[in-house]
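What follows is the content of protein.cif, which has mmCIF, C-alpha atoms:
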```cif
data_data
#
loop_
_atom_site.group_PDB
_atom_site.id
_atom_site.type_symbol
_atom_site.label_atom_id
_atom_site.label_comp_id
_atom_site.auth_asym_id
_atom_site.auth_seq_id
_atom_site.Cartn_x
_atom_site.Cartn_y
_atom_site.Cartn_z
ATOM 1 C CA MET H 1 -56.548 -6.801 75.463
ATOM 2 C CA ALA H 2 -60.017 -7.200 73.923
ATOM 3 C CA ASP H 3 -62.643 -4.545 74.764
ATOM 4 C CA LEU H 4 -64.747 -5.929 77.616
ATOM 5 C CA GLY H 5 -67.644 -3.661 76.626
ATOM 6 C CA ASN H 6 -68.282 -6.389 74.050
ATOM 7 C CA PRO H 7 -70.373 -9.162 75.724
ATOM 8 C CA LYS H 8 -68.558 -11.912 73.766
ATOM 9 C CA ASN H 9 -65.203 -10.882 75.300
ATOM 10 C CA THR H 10 -66.731 -10.695 78.778
ATOM 11 C CA ILE H 11 -68.131 -14.228 78.481
ATOM 12 C CA GLU H 12 -64.752 -15.499 77.215
ATOM 13 C CA ILE H 13 -62.784 -14.134 80.169
ATOM 14 C CA LEU H 14 -65.381 -15.318 82.720
ATOM 15 C CA ASN H 15 -65.306 -18.831 81.244
ATOM 16 C CA LYS H 16 -61.507 -18.876 81.127
ATOM 17 C CA TYR H 17 -61.297 -18.205 84.876
ATOM 18 C CA LYS H 18 -64.449 -20.261 85.673
ATOM 19 C CA PHE H 19 -65.734 -17.173 87.479
ATOM 20 C CA VAL H 20 -68.881 -17.556 89.602
ATOM 21 C CA PHE H 21 -70.931 -14.425 90.349
ATOM 22 C CA GLN H 22 -71.119 -13.676 94.071
ATOM 23 C CA LYS H 23 -74.540 -12.571 95.244
ATOM 24 C CA LYS H 24 -73.038 -11.165 98.476
ATOM 25 C CA PHE H 25 -70.981 -8.675 96.415
ATOM 26 C CA GLY H 26 -73.930 -7.678 94.194
ATOM 27 C CA GLN H 27 -71.945 -8.287 90.997
ATOM 28 C CA ASN H 28 -73.428 -7.036 87.697
ATOM 29 C CA PHE H 29 -70.845 -6.314 84.982
ATOM 30 C CA LEU H 30 -71.457 -3.670 82.318
ATOM 31 C CA ILE H 31 -71.551 -4.921 78.721
ATOM 32 C CA ASP H 32 -72.477 -1.794 76.758
ATOM 33 C CA THR H 33 -69.854 0.505 75.210
ATOM 34 C CA HIS H 34 -72.318 3.425 74.846
ATOM 35 C CA VAL H 35 -72.933 3.429 78.594
ATOM 36 C CA LEU H 36 -69.190 3.262 79.290
ATOM 37 C CA ASP H 37 -68.681 6.338 77.088
ATOM 38 C CA LYS H 38 -71.488 8.162 78.930
ATOM 39 C CA ILE H 39 -69.833 7.492 82.304
ATOM 40 C CA ILE H 40 -66.482 8.869 81.088
ATOM 41 C CA ARG H 41 -68.237 11.972 79.675
ATOM 42 C CA ALA H 42 -70.347 12.525 82.797
ATOM 43 C CA ALA H 43 -67.262 12.360 85.066
ATOM 44 C CA GLU H 44 -65.430 14.759 82.688
ATOM 45 C CA ILE H 45 -62.242 12.705 82.940
ATOM 46 C CA THR H 46 -59.099 14.195 81.390
ATOM 47 C CA LYS H 47 -55.420 13.254 81.155
ATOM 48 C CA ASP H 48 -54.778 15.465 84.226
ATOM 49 C CA ASP H 49 -57.020 13.356 86.476
ATOM 50 C CA PHE H 50 -56.317 10.812 89.161
ATOM 51 C CA VAL H 51 -59.377 8.544 89.379
ATOM 52 C CA LEU H 52 -60.423 6.195 92.166
ATOM 53 C CA GLU H 53 -62.629 3.364 90.908
ATOM 54 C CA ILE H 54 -64.698 1.380 93.385
ATOM 55 C CA GLY H 55 -65.526 -2.204 92.404
ATOM 56 C CA PRO H 56 -63.820 -2.635 89.013
ATOM 57 C CA GLY H 57 -65.202 -6.172 88.566
ATOM 58 C CA ILE H 58 -63.346 -7.679 85.592
ATOM 59 C CA GLY H 59 -62.012 -4.266 84.514
ATOM 60 C CA THR H 60 -64.563 -3.247 81.861
ATOM 61 C CA LEU H 61 -64.886 0.384 82.974
ATOM 62 C CA THR H 62 -61.292 0.396 84.274
ATOM 63 C CA GLN H 63 -59.966 -0.042 80.717
ATOM 64 C CA TYR H 64 -61.872 3.081 79.641
ATOM 65 C CA LEU H 65 -60.668 5.017 82.685
ATOM 66 C CA CYS H 66 -57.033 4.072 81.937
ATOM 67 C CA GLU H 67 -57.446 5.368 78.359
ATOM 68 C CA HIS H 68 -58.718 8.761 79.548
ATOM 69 C CA ALA H 69 -57.112 9.488 82.942
ATOM 70 C CA ARG H 70 -53.549 10.158 84.098
ATOM 71 C CA GLU H 71 -53.719 7.458 86.768
ATOM 72 C CA VAL H 72 -56.310 5.026 88.173
ATOM 73 C CA VAL H 73 -56.501 3.148 91.458
ATOM 74 C CA ALA H 74 -59.166 0.432 91.414
ATOM 75 C CA VAL H 75 -60.327 -1.021 94.746
ATOM 76 C CA GLU H 76 -61.866 -4.513 94.468
ATOM 77 C CA ILE H 77 -63.153 -6.499 97.462
ATOM 78 C CA ASP H 78 -63.464 -9.907 95.705
ATOM 79 C CA LYS H 79 -60.051 -11.612 95.693
ATOM 80 C CA LYS H 80 -61.232 -14.014 92.952
ATOM 81 C CA LEU H 81 -61.305 -11.060 90.541
ATOM 82 C CA ILE H 82 -57.673 -10.025 91.143
ATOM 83 C CA PRO H 83 -56.098 -12.564 88.684
ATOM 84 C CA ILE H 84 -58.683 -11.570 86.046
ATOM 85 C CA LEU H 85 -57.856 -7.874 86.510
ATOM 86 C CA SER H 86 -54.135 -8.663 86.181
ATOM 87 C CA GLU H 87 -54.892 -10.006 82.703
ATOM 88 C CA THR H 88 -57.522 -7.525 81.498
ATOM 89 C CA LEU H 89 -55.464 -4.490 82.604
ATOM 90 C CA SER H 90 -52.021 -5.882 81.702
ATOM 91 C CA GLN H 91 -51.446 -3.391 78.884
ATOM 92 C CA TYR H 92 -51.943 -0.331 81.128
ATOM 93 C CA SER H 93 -49.063 1.102 83.146
ATOM 94 C CA ASN H 94 -51.222 3.792 84.818
ATOM 95 C CA VAL H 95 -53.395 1.531 86.996
ATOM 96 C CA THR H 96 -53.027 0.016 90.475
ATOM 97 C CA VAL H 97 -55.456 -2.622 91.743
ATOM 98 C CA LEU H 98 -56.018 -2.911 95.497
ATOM 99 C CA ASN H 99 -57.753 -5.997 96.908
ATOM 100 C CA SER H 100 -59.536 -4.178 99.720
ATOM 101 C CA ASP H 101 -62.895 -3.114 101.160
ATOM 102 C CA ILE H 102 -63.426 0.538 100.143
ATOM 103 C CA LEU H 103 -65.015 1.294 103.542
ATOM 104 C CA LYS H 104 -61.746 0.242 105.221
ATOM 105 C CA THR H 105 -59.364 1.852 102.707
ATOM 106 C CA ASP H 106 -57.406 4.976 103.675
ATOM 107 C CA ILE H 107 -58.543 7.112 100.743
ATOM 108 C CA ASN H 108 -57.139 10.345 102.190
ATOM 109 C CA LYS H 109 -53.693 8.727 102.178
ATOM 110 C CA LEU H 110 -54.173 7.717 98.514
ATOM 111 C CA VAL H 111 -55.202 11.279 97.626
ATOM 112 C CA GLN H 112 -52.005 12.609 99.248
ATOM 113 C CA GLU H 113 -49.737 10.051 97.569
ATOM 114 C CA LYS H 114 -51.304 10.033 94.102
ATOM 115 C CA ASN H 115 -52.731 13.546 93.712
ATOM 116 C CA GLY H 116 -50.817 15.773 96.135
ATOM 117 C CA GLY H 117 -53.936 16.209 98.279
ATOM 118 C CA LYS H 118 -55.900 17.861 95.441
ATOM 119 C CA PRO H 119 -59.547 16.826 94.802
ATOM 120 C CA ILE H 120 -59.981 13.525 92.952
ATOM 121 C CA LYS H 121 -62.699 11.990 90.803
ATOM 122 C CA VAL H 122 -64.424 8.807 91.950
ATOM 123 C CA VAL H 123 -66.144 6.478 89.485
ATOM 124 C CA ALA H 124 -68.047 3.313 90.370
ATOM 125 C CA ASN H 125 -70.608 0.761 89.279
ATOM 126 C CA LEU H 126 -71.927 0.248 92.812
ATOM 127 C CA PRO H 127 -73.643 -2.863 94.179
ATOM 128 C CA TYR H 128 -77.191 -1.858 95.046
ATOM 129 C CA TYR H 129 -77.096 -3.122 98.622
ATOM 130 C CA ILE H 130 -74.188 -0.888 99.654
ATOM 131 C CA THR H 131 -74.664 2.227 97.487
ATOM 132 C CA THR H 132 -75.738 4.606 100.260
ATOM 133 C CA PRO H 133 -73.104 3.554 102.857
ATOM 134 C CA ILE H 134 -70.300 4.009 100.300
ATOM 135 C CA ILE H 135 -71.469 7.431 99.088
ATOM 136 C CA MET H 136 -72.058 8.698 102.635
ATOM 137 C CA ASP H 137 -68.671 7.357 103.734
ATOM 138 C CA LEU H 138 -66.936 9.311 100.939
ATOM 139 C CA PHE H 139 -68.712 12.501 102.039
ATOM 140 C CA GLU H 140 -68.433 12.099 105.792
ATOM 141 C CA ARG H 141 -64.708 11.332 105.730
ATOM 142 C CA HIS H 142 -64.278 14.734 104.044
ATOM 143 C CA ILE H 143 -62.125 13.245 101.288
ATOM 144 C CA PRO H 144 -61.063 15.934 98.757
ATOM 145 C CA LEU H 145 -63.488 15.185 95.898
ATOM 146 C CA ASP H 146 -64.167 16.933 92.602
ATOM 147 C CA ASN H 147 -67.049 14.682 91.612
ATOM 148 C CA VAL H 148 -68.407 11.204 92.249
ATOM 149 C CA THR H 149 -69.927 9.534 89.171
ATOM 150 C CA VAL H 150 -71.720 6.310 89.990
ATOM 151 C CA MET H 151 -73.995 3.722 88.457
ATOM 152 C CA VAL H 152 -76.801 3.087 90.932
ATOM 153 C CA GLN H 153 -80.289 1.626 91.019
ATOM 154 C CA ARG H 154 -82.610 4.098 89.259
ATOM 155 C CA GLU H 155 -84.771 4.449 92.361
ATOM 156 C CA VAL H 156 -81.702 5.544 94.378
ATOM 157 C CA ALA H 157 -80.760 8.121 91.722
ATOM 158 C CA ASP H 158 -84.332 9.468 91.850
ATOM 159 C CA ARG H 159 -84.074 9.748 95.648
ATOM 160 C CA MET H 160 -80.798 11.678 95.396
ATOM 161 C CA GLU H 161 -82.356 14.166 92.976
ATOM 162 C CA ALA H 162 -85.809 14.454 94.622
ATOM 163 C CA ARG H 163 -87.555 17.687 95.626
ATOM 164 C CA PRO H 164 -89.130 18.466 99.036
ATOM 165 C CA GLY H 165 -92.646 17.065 99.475
ATOM 166 C CA THR H 166 -92.264 14.271 96.881
ATOM 167 C CA LYS H 167 -92.389 10.566 97.777
ATOM 168 C CA ASN H 168 -88.716 10.019 96.866
ATOM 169 C CA TYR H 169 -87.541 12.881 99.090
ATOM 170 C CA GLY H 170 -85.763 11.654 102.218
ATOM 171 C CA ALA H 171 -82.636 11.543 104.360
ATOM 172 C CA LEU H 172 -80.444 10.489 101.404
ATOM 173 C CA THR H 173 -81.695 13.452 99.308
ATOM 174 C CA LEU H 174 -80.750 15.911 102.031
ATOM 175 C CA ALA H 175 -77.385 14.329 102.768
ATOM 176 C CA VAL H 176 -76.416 14.381 99.088
ATOM 177 C CA ARG H 177 -77.580 18.001 98.648
ATOM 178 C CA TYR H 178 -75.635 19.116 101.706
ATOM 179 C CA TYR H 179 -72.384 17.920 100.148
ATOM 180 C CA ALA H 180 -72.991 17.931 96.386
ATOM 181 C CA GLU H 181 -75.120 18.857 93.374
ATOM 182 C CA PRO H 182 -76.722 15.737 91.812
ATOM 183 C CA TYR H 183 -77.203 15.340 88.053
ATOM 184 C CA ILE H 184 -78.618 12.208 86.381
ATOM 185 C CA ALA H 185 -76.510 11.708 83.252
ATOM 186 C CA ALA H 186 -78.137 8.555 81.842
ATOM 187 C CA PHE H 187 -80.746 5.889 82.489
ATOM 188 C CA VAL H 188 -79.494 2.351 81.889
ATOM 189 C CA PRO H 189 -81.773 -0.647 81.180
ATOM 190 C CA PRO H 190 -81.127 -4.108 82.712
ATOM 191 C CA ASN H 191 -79.924 -5.618 79.405
ATOM 192 C CA CYS H 192 -76.702 -3.555 79.628
ATOM 193 C CA PHE H 193 -75.446 -5.827 82.420
ATOM 194 C CA MET H 194 -74.366 -9.408 82.924
ATOM 195 C CA PRO H 195 -76.135 -10.952 84.763
ATOM 196 C CA ARG H 196 -79.221 -8.804 84.164
ATOM 197 C CA PRO H 197 -80.477 -7.085 87.332
ATOM 198 C CA ASN H 198 -84.228 -6.989 88.008
ATOM 199 C CA VAL H 199 -84.378 -3.196 87.981
ATOM 200 C CA GLY H 200 -83.229 -0.267 85.861
ATOM 201 C CA SER H 201 -80.114 1.722 86.731
ATOM 202 C CA ALA H 202 -78.909 5.292 86.315
ATOM 203 C CA VAL H 203 -75.588 7.088 86.040
ATOM 204 C CA ILE H 204 -75.557 10.002 88.471
ATOM 205 C CA ARG H 205 -72.818 12.594 88.938
ATOM 206 C CA LEU H 206 -72.456 14.278 92.312
ATOM 207 C CA THR H 207 -70.408 17.467 91.953
ATOM 208 C CA LEU H 208 -69.036 18.516 95.320
ATOM 209 C CA HIS H 209 -69.878 22.021 96.572
ATOM 210 C CA LYS H 210 -66.849 24.270 97.028
ATOM 211 C CA GLU H 211 -68.580 25.716 100.098
ATOM 212 C CA PRO H 212 -71.395 24.074 102.119
ATOM 213 C CA GLN H 213 -74.835 25.096 100.855
ATOM 214 C CA VAL H 214 -76.009 25.856 104.385
ATOM 215 C CA LYS H 215 -74.277 27.167 107.491
ATOM 216 C CA VAL H 216 -74.828 24.768 110.352
ATOM 217 C CA LYS H 217 -73.228 24.926 113.810
ATOM 218 C CA ASP H 218 -73.525 21.192 114.496
ATOM 219 C CA GLU H 219 -73.514 18.930 111.418
ATOM 220 C CA ALA H 220 -74.161 15.778 113.497
ATOM 221 C CA LEU H 221 -77.234 17.352 115.122
ATOM 222 C CA MET H 222 -78.665 18.397 111.744
ATOM 223 C CA PHE H 223 -78.304 14.853 110.377
ATOM 224 C CA GLY H 224 -79.816 13.504 113.619
ATOM 225 C CA LEU H 225 -82.867 15.723 113.016
ATOM 226 C CA ILE H 226 -83.079 14.582 109.394
ATOM 227 C CA ARG H 227 -82.892 10.882 110.319
ATOM 228 C CA ALA H 228 -85.494 11.290 113.084
ATOM 229 C CA SER H 229 -87.914 13.066 110.753
ATOM 230 C CA PHE H 230 -87.785 10.364 108.051
ATOM 231 C CA ASN H 231 -87.656 7.351 110.394
ATOM 232 C CA GLN H 232 -91.291 8.078 111.191
ATOM 233 C CA ARG H 233 -92.617 9.719 108.045
ATOM 234 C CA ARG H 234 -96.270 9.445 109.114
ATOM 235 C CA LYS H 235 -95.685 11.421 112.311
ATOM 236 C CA THR H 236 -95.549 15.190 112.506
ATOM 237 C CA LEU H 237 -91.992 16.489 112.712
ATOM 238 C CA VAL H 238 -92.519 17.594 116.332
ATOM 239 C CA ASN H 239 -93.462 14.039 117.377
ATOM 240 C CA GLY H 240 -90.768 12.449 115.208
ATOM 241 C CA LEU H 241 -88.075 14.530 116.933
ATOM 242 C CA TYR H 242 -89.576 14.103 120.406
ATOM 243 C CA ASN H 243 -89.814 10.283 120.053
ATOM 244 C CA SER H 244 -86.346 9.835 118.555
ATOM 245 C CA GLU H 245 -83.925 7.772 120.650
ATOM 246 C CA GLU H 246 -81.065 9.676 119.026
ATOM 247 C CA LEU H 247 -82.228 13.116 120.268
ATOM 248 C CA ASN H 248 -83.002 14.305 123.779
ATOM 249 C CA PHE H 249 -85.028 17.497 123.469
ATOM 250 C CA THR H 250 -88.194 18.153 125.483
ATOM 251 C CA LYS H 251 -91.393 18.877 123.589
ATOM 252 C CA ASP H 252 -91.266 22.480 124.863
ATOM 253 C CA GLU H 253 -87.730 22.928 123.475
ATOM 254 C CA ILE H 254 -88.816 21.576 120.085
ATOM 255 C CA LEU H 255 -91.961 23.742 119.970
ATOM 256 C CA GLY H 256 -89.948 26.779 121.086
ATOM 257 C CA ALA H 257 -87.499 26.270 118.195
ATOM 258 C CA PHE H 258 -90.418 25.821 115.747
ATOM 259 C CA ASN H 259 -91.995 29.089 116.940
ATOM 260 C CA GLU H 260 -88.670 30.938 116.707
ATOM 261 C CA ILE H 261 -88.095 30.004 113.030
ATOM 262 C CA GLY H 262 -91.765 30.092 111.985
ATOM 263 C CA LEU H 263 -92.503 26.398 111.419
ATOM 264 C CA SER H 264 -96.053 25.071 111.741
ATOM 265 C CA HIS H 265 -96.461 22.618 114.659
ATOM 266 C CA ASP H 266 -98.128 20.017 112.409
ATOM 267 C CA ILE H 267 -95.588 20.090 109.553
ATOM 268 C CA ARG H 268 -94.014 16.788 108.438
ATOM 269 C CA GLY H 269 -90.285 16.368 107.846
ATOM 270 C CA GLU H 270 -90.698 15.698 104.108
ATOM 271 C CA LYS H 271 -91.868 19.306 103.627
ATOM 272 C CA LEU H 272 -88.652 20.857 104.976
ATOM 273 C CA SER H 273 -85.800 21.979 102.753
ATOM 274 C CA LEU H 274 -82.139 21.513 103.684
ATOM 275 C CA GLU H 275 -82.028 25.209 104.703
ATOM 276 C CA GLN H 276 -84.959 24.715 107.104
ATOM 277 C CA PHE H 277 -83.320 21.680 108.728
ATOM 278 C CA ALA H 278 -80.132 23.757 109.154
ATOM 279 C CA HIS H 279 -82.132 26.645 110.736
ATOM 280 C CA LEU H 280 -83.837 24.200 113.086
ATOM 281 C CA ALA H 281 -80.511 22.612 114.117
ATOM 282 C CA ASN H 282 -78.972 26.044 114.704
ATOM 283 C CA GLN H 283 -81.969 27.184 116.766
ATOM 284 C CA LEU H 284 -81.904 24.075 118.969
ATOM 285 C CA CYS H 285 -78.137 24.579 119.367
ATOM 286 C CA SER H 286 -78.600 28.200 120.488
ATOM 287 C CA GLN H 287 -81.365 27.251 122.940
ATOM 288 C CA ASN H 288 -79.178 24.556 124.488
ATOM 289 C CA ASN H 289 -76.289 26.965 124.889
ATOM 290 C CA THR H 290 -78.419 29.575 126.618
ATOM 291 C CA ASP H 291 -80.255 27.149 128.933
#
```
Please go through the file and, once you have read it, give me the structure as structure tokens.
Amino acid sequence: MADLGNPKNTIEILNKYKFVFQKKFGQNFLIDTHVLDKIIRAAEITKDDFVLEIGPGIGTLTQYLCEHAREVVAVEIDKKLIPILSETLSQYSNVTVLNSDILKTDINKLVQEKNGGKPIKVVANLPYYITTPIIMDLFERHIPLDNVTVMVQREVADRMEARPGTKNYGALTLAVRYYAEPYIAAFVPPNCFMPRPNVGSAVIRLTLHKEPQVKVKDEALMFGLIRASFNQRRKTLVNGLYNSEELNFTKDEILGAFNEIGLSHDIRGEKLSLEQFAHLANQLCSQNNTD
């Protein structure tokens, strides 16, 4: 099968199947072989690896994954792409295509069946509108992961890698850092895609921590605190937490926890590190248990 990293071959296959791009699926297909190589290198894929690909499209990146990995499962939501994938991947015996929504797919079951429960590598060219839900879903389901290497909007990659106190720093930054170490492997201009998106993209690798970076008694509470603090960025953290519908602490309980761990009463959430959010969650937990 012709290399789909070549735009001419991509156009040919799309015309053959009279394929129409679906805005609701955020479809932008890669047409640059250098970028494809960078993704494979960033994910450090070897012949020992089982790889889960999310959103294979017409199979451009899938072909490269099949060349480098032991086995690939590609999950594609758009049923109109399934006949195209049957053709573009016909020469590979180490790939399975599932017509499914990744958010409803039993990935843990796949990991057991295909990789004996050992950590897998996930690779994806993610639609911009659903990037964060997919990444958070992979983390929160506690799927055994080695790394997740994804093409995302550049702004999202910057948010994942941001430092405390910067404008890009937010709930996504903290969630990613809790589970993984982010590394931007490449910036990708719009002309590497068909159709061209309006914004630049980036390839980011998230390498999962072997052990959590912080010790937290109640993970859900910590993420509740993080969400509350960034939902109202202009408010002080005390007021953000007190006004949150998700939390039910009195102002005295919040101020007591701040005093206990040495936080200023007028600090904003964007100034806190992951460690400080964990300390705050643990302190509020302890107070609740002793009340």
Shell around Lys114 in chain H at 12 Å using only C-alpha atoms, local window under 2 positions removed, as JSON, numbers by chain:
{"H": [48, 49, 50, 51, 52, 70, 71, 72, 73, 94, 95, 96, 107, 108, 109, 110, 111, 112, 116, 117, 118, 119, 120]}
Run through the PyMOL selection byres ((chain H and resi 28-45) around 6) on the given coordinates and return the selected residues as a PyMOL selection string.
chain H and resi 5-7+27+46+149+192-195
Which residues are near Pro127 in chain H? Cut-off 12 Å, all atoms listed in the file, ignore same chain within fewer than 5 positions. Put them as an mmCIF file with C-alpha atoms, in the coordinates of the input.
```cif
data_model
loop_
_atom_site.group_PDB
_atom_site.id
_atom_site.type_symbol
_atom_site.label_atom_id
_atom_site.label_comp_id
_atom_site.auth_asym_id
_atom_site.auth_seq_id
_atom_site.Cartn_x
_atom_site.Cartn_y
_atom_site.Cartn_z
ATOM 1 C CA GLN H 22 -71.119 -13.676 94.071
ATOM 2 C CA LYS H 23 -74.540 -12.571 95.244
ATOM 3 C CA LYS H 24 -73.038 -11.165 98.476
ATOM 4 C CA PHE H 25 -70.981 -8.675 96.415
ATOM 5 C CA GLY H 26 -73.930 -7.678 94.194
ATOM 6 C CA GLN H 27 -71.945 -8.287 90.997
ATOM 7 C CA ASN H 28 -73.428 -7.036 87.697
ATOM 8 C CA PHE H 29 -70.845 -6.314 84.982
ATOM 9 C CA ILE H 54 -64.698 1.380 93.385
ATOM 10 C CA GLY H 55 -65.526 -2.204 92.404
ATOM 11 C CA PRO H 56 -63.820 -2.635 89.013
ATOM 12 C CA GLY H 57 -65.202 -6.172 88.566
ATOM 13 C CA GLU H 76 -61.866 -4.513 94.468
ATOM 14 C CA ILE H 77 -63.153 -6.499 97.462
ATOM 15 C CA THR H 132 -75.738 4.606 100.260
ATOM 16 C CA PRO H 133 -73.104 3.554 102.857
ATOM 17 C CA ILE H 134 -70.300 4.009 100.300
ATOM 18 C CA ILE H 135 -71.469 7.431 99.088
ATOM 19 C CA VAL H 150 -71.720 6.310 89.990
ATOM 20 C CA MET H 151 -73.995 3.722 88.457
ATOM 21 C CA VAL H 152 -76.801 3.087 90.932
ATOM 22 C CA GLN H 153 -80.289 1.626 91.019
ATOM 23 C CA VAL H 156 -81.702 5.544 94.378
ATOM 24 C CA PRO H 197 -80.477 -7.085 87.332
ATOM 25 C CA SER H 201 -80.114 1.722 86.731
#
```
Set up a box along x, y and z of the file covering all listed atoms of range 47-53 of chain H, add 3 Å on every one of the six sides, and write the centre and edge lengths in Å to one decimal, as JSON.
```
{"center_x": -58.7, "center_y": 9.4, "center_z": 86.7, "size_x": 13.9, "size_y": 18.1, "size_z": 17.0}
```
For a quick check of your reading of the model, name the residues lying within 12 Å of the coordinate (-79.6, 22.4, 116.5), counting all atoms listed in the file, and write them as a PyMOL selection string.
chain H and resi 215-226+241+247-249+253-254+257-258+261+276-289
Please check which residues have atoms at most 12 Å from (-67.5, 25.4, 100.1) in the file's coordinates, counting all atoms listed in the file, and write them as a ChimeraX atom specification.
/H:142,144-146,178-180,207-215
Can you write out the residues you just picked, keeping C-alpha atoms, as a PDB file, in the coordinates of the input?
```pdb
ATOM      1  CA  HIS H 142     -64.278  14.734 104.044  1.00  0.00           C
ATOM      2  CA  PRO H 144     -61.063  15.934  98.757  1.00  0.00           C
ATOM      3  CA  LEU H 145     -63.488  15.185  95.898  1.00  0.00           C
ATOM      4  CA  ASP H 146     -64.167  16.933  92.602  1.00  0.00           C
ATOM      5  CA  TYR H 178     -75.635  19.116 101.706  1.00  0.00           C
ATOM      6  CA  TYR H 179     -72.384  17.920 100.148  1.00  0.00           C
ATOM      7  CA  ALA H 180     -72.991  17.931  96.386  1.00  0.00           C
ATOM      8  CA  THR H 207     -70.408  17.467  91.953  1.00  0.00           C
ATOM      9  CA  LEU H 208     -69.036  18.516  95.320  1.00  0.00           C
ATOM     10  CA  HIS H 209     -69.878  22.021  96.572  1.00  0.00           C
ATOM     11  CA  LYS H 210     -66.849  24.270  97.028  1.00  0.00           C
ATOM     12  CA  GLU H 211     -68.580  25.716 100.098  1.00  0.00           C
ATOM     13  CA  PRO H 212     -71.395  24.074 102.119  1.00  0.00           C
ATOM     14  CA  GLN H 213     -74.835  25.096 100.855  1.00  0.00           C
ATOM     15  CA  VAL H 214     -76.009  25.856 104.385  1.00  0.00           C
ATOM     16  CA  LYS H 215     -74.277  27.167 107.491  1.00  0.00           C
TER      17      LYS H 215
END
```
Given the file shown, enumerate the residues that the PyMOL selection byres ((chain H and resi 101) around 8) captures and present them as an MDAnalysis selection string.
chainID H and resid 75:77 99:100 102:105
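Note that CA of Val199 in chain H and CA of Leu126 in chain H are 13.8 Å apart.
Counting from CA of Tyr92 in chain H, the distance to CA of Gln63 in chain H is 8.0 Å.
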Answer key for the PyMOL selection byres ((chain H and resi 203) around 6), residues as a list in words
Val150, Met151, Ile184, Ala185, Ala186, Ala202 and Ile204 of chain H
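Closest approach to Leu61 in chain H among H:Val20, H:Ala175, H:Ala124, H:Ala162 is made by H:Ala124 (distances from all atoms listed in the file).
As for CA of Asn147 in chain H and CA of Asn168 in chain H, they are spaced 22.8 Å apart.
Counting all atoms listed in the file, the residue from H:Asp106, H:Glu113, H:Glu155, H:Asn243 that sits nearest to Leu138 in chain H is H:Asp106.
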Between H:Tyr128, H:Pro164, H:His68, H:Ala157, smallest distance to Glu275 in chain H by only C-alpha atoms belongs to H:Pro164
As an mmCIF file, keeping the file's coordinate frame, could you write out range 42-56 of chain H once it has been completed with N, CA and C atoms?
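The result, stored in selection_10.cif:
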```cif
data_model
loop_
_atom_site.group_PDB
_atom_site.id
_atom_site.type_symbol
_atom_site.label_atom_id
_atom_site.label_comp_id
_atom_site.auth_asym_id
_atom_site.auth_seq_id
_atom_site.Cartn_x
_atom_site.Cartn_y
_atom_site.Cartn_z
ATOM 1 N N ALA H 42 -69.683 11.933 81.627
ATOM 2 C CA ALA H 42 -70.347 12.525 82.797
ATOM 3 C C ALA H 42 -69.318 12.917 83.861
ATOM 4 N N ALA H 43 -68.286 12.079 84.047
ATOM 5 C CA ALA H 43 -67.262 12.360 85.066
ATOM 6 C C ALA H 43 -66.262 13.413 84.590
ATOM 7 N N GLU H 44 -66.331 13.748 83.289
ATOM 8 C CA GLU H 44 -65.430 14.759 82.688
ATOM 9 C C GLU H 44 -63.963 14.418 82.966
ATOM 10 N N ILE H 45 -63.608 13.175 82.655
ATOM 11 C CA ILE H 45 -62.242 12.705 82.940
ATOM 12 C C ILE H 45 -61.277 13.168 81.855
ATOM 13 N N THR H 46 -60.134 13.720 82.312
ATOM 14 C CA THR H 46 -59.099 14.195 81.390
ATOM 15 C C THR H 46 -57.761 13.565 81.764
ATOM 16 N N LYS H 47 -56.771 13.805 80.936
ATOM 17 C CA LYS H 47 -55.420 13.254 81.155
ATOM 18 C C LYS H 47 -54.729 13.852 82.389
ATOM 19 N N ASP H 48 -55.342 14.887 82.991
ATOM 20 C CA ASP H 48 -54.778 15.465 84.226
ATOM 21 C C ASP H 48 -55.283 14.746 85.466
ATOM 22 N N ASP H 49 -56.285 13.866 85.308
ATOM 23 C CA ASP H 49 -57.020 13.356 86.476
ATOM 24 C C ASP H 49 -56.453 12.079 87.077
ATOM 25 N N PHE H 50 -56.488 12.062 88.427
ATOM 26 C CA PHE H 50 -56.317 10.812 89.161
ATOM 27 C C PHE H 50 -57.724 10.337 89.504
ATOM 28 N N VAL H 51 -58.028 9.073 89.166
ATOM 29 C CA VAL H 51 -59.377 8.544 89.379
ATOM 30 C C VAL H 51 -59.327 7.345 90.325
ATOM 31 N N LEU H 52 -60.234 7.356 91.289
ATOM 32 C CA LEU H 52 -60.423 6.195 92.166
ATOM 33 C C LEU H 52 -61.657 5.454 91.667
ATOM 34 N N GLU H 53 -61.472 4.173 91.318
ATOM 35 C CA GLU H 53 -62.629 3.364 90.908
ATOM 36 C C GLU H 53 -62.960 2.382 92.024
ATOM 37 N N ILE H 54 -64.239 2.314 92.355
ATOM 38 C CA ILE H 54 -64.698 1.380 93.385
ATOM 39 C C ILE H 54 -65.386 0.208 92.694
ATOM 40 N N GLY H 55 -64.905 -1.003 92.964
ATOM 41 C CA GLY H 55 -65.526 -2.204 92.404
ATOM 42 C C GLY H 55 -65.330 -2.348 90.911
ATOM 43 N N PRO H 56 -64.073 -2.536 90.457
ATOM 44 C CA PRO H 56 -63.820 -2.635 89.013
ATOM 45 C C PRO H 56 -64.364 -3.910 88.363
#
```
